[in-house]
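Written out below as structure tokens is the structure these notes cover.
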Amino acid sequence: MTRTARIVAMSAQRLVLTARVPAILLSTLLAVCSHAQTTQRMAVTEIRPLLKLAIDHGAARGVLTGAGADYVRRRFDATAPIEIDVTRLHDLPQHGCARLEIITRQRDVLEHGERSDQELRWQVSFCRDGTLAGEE
């Protein structure tokens with residue numbers, strides 16, 4: 001192989017490698033981000049731990065597990081996880097209490113003979129000690 005041919009071959013290899021690196025980096029980044037989104041949800045058997053976390057940190061994300069999740073999955077013939085997002089809207093006058101918004105979601109729910117993604121959004125006034133609070 002001539003010197004010129006070797007230089008051309010090496011340049012072609014570098015070009016192929018250079019084109020692959022961004023694609024590999026992008027694939028890795030997407031995989032990490034996707035994994036991070038699924039691992040940031042705390043597994044809970046009831047909503048109360050998420051409510052307390054949202055009071056302390058402003059937000060909490062979880063996935064319902066256990067008997068409650070099993071019942072909902074059977075009731076709506078769905079296998080997707082039941083995701084729960086809790087956000088602190090504002091603090092209440094009572095110490096350790098806040099107004100919280102809760103959003104529950106589940107994909108591919110069977111209701112009235114049709115499948116669709118479902119979301120339920122509601123609010124509650126809740127205290128860190130586990131009691132409900134009245135807004136003043």
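So you can find residues: chains in the structure tokens are A, B, ... in the order shown, residues in each start at 1, and ligands are numbered from 1 in order.
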
Problem set entry | Residues near His95 of chain A, cut-off 9 Å, only C-alpha atoms, skip fewer than 3 positions along chain, as number ranges by chain | A: 91-92, 98, 127-128

For this session: Write out as a list in words which residues come within 9 Å of Gln106 of chain A when counting only C-alpha atoms, dropping same-chain ones fewer than 6 positions away.
Result: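 Within the cut-off, the hits are Ala78, Thr79, Ala80, Pro81, Ile82, Glu83, Ser116, Asp117, Gln118 and Glu119 of chain A.
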
Exercise. How many Å separate atom CA of His57 of chain A from atom CA of Val86 of chain A?
Worked result: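 Distance between the two atoms: 10.4 Å.
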
Exercise. How many Å separate atom CA of His112 of chain A from atom CA of Arg41 of chain A?
Worked result: 29.6 Å

Exercise. Got a sec: who's within 12 Å of Gln94 of chain A, counting only C-alpha atoms, leaving out chain neighbours fewer than 3 positions off, as JSON, numbers by chain?
Worked result: {"A": [90, 91, 97, 98, 99, 125, 126, 127, 128, 129, 131, 132, 133, 134, 135, 136]}

Could you take the residues named above and write them with C-alpha atoms, as a JSON list (two decimals), in the first residue's frame?
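Okay, out_34.json is ready:
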[["chain", "number", "residue", "atom", "x", "y", "z"],
["A", 90, "HIS", "CA", -48.11, 26.40, 49.22],
["A", 91, "ASP", "CA", -47.53, 26.17, 52.95],
["A", 97, "CYS", "CA", -48.77, 21.59, 56.80],
["A", 98, "ALA", "CA", -49.15, 22.36, 53.10],
["A", 99, "ARG", "CA", -51.61, 22.32, 50.23],
["A", 125, "SER", "CA", -54.27, 19.92, 52.74],
["A", 126, "PHE", "CA", -51.91, 17.61, 54.60],
["A", 127, "CYS", "CA", -49.59, 17.82, 57.60],
["A", 128, "ARG", "CA", -46.23, 16.15, 58.11],
["A", 129, "ASP", "CA", -47.65, 14.33, 61.18],
["A", 131, "THR", "CA", -53.21, 14.41, 59.56],
["A", 132, "LEU", "CA", -55.40, 16.39, 57.17],
["A", 133, "ALA", "CA", -55.41, 20.14, 57.71],
["A", 134, "GLY", "CA", -58.12, 22.73, 57.17],
["A", 135, "GLU", "CA", -57.10, 25.83, 55.26],
["A", 136, "GLU", "CA", -57.68, 29.07, 57.12]]

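Across the structure, atom CA of Arg73 of chain A and atom CA of Gly130 of chain A are spaced 26.6 Å apart.
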
For this session: Could you give me, as a list in words, each residue of segment 59-89 of chain A that DSSP assigns to helix (DSSP H, G or I) when run on this structure's backbone?
Result: Gly66, Ala67, Gly68, Ala69, Asp70, Tyr71, Val72, Arg73, Arg74 and Arg75 of chain A
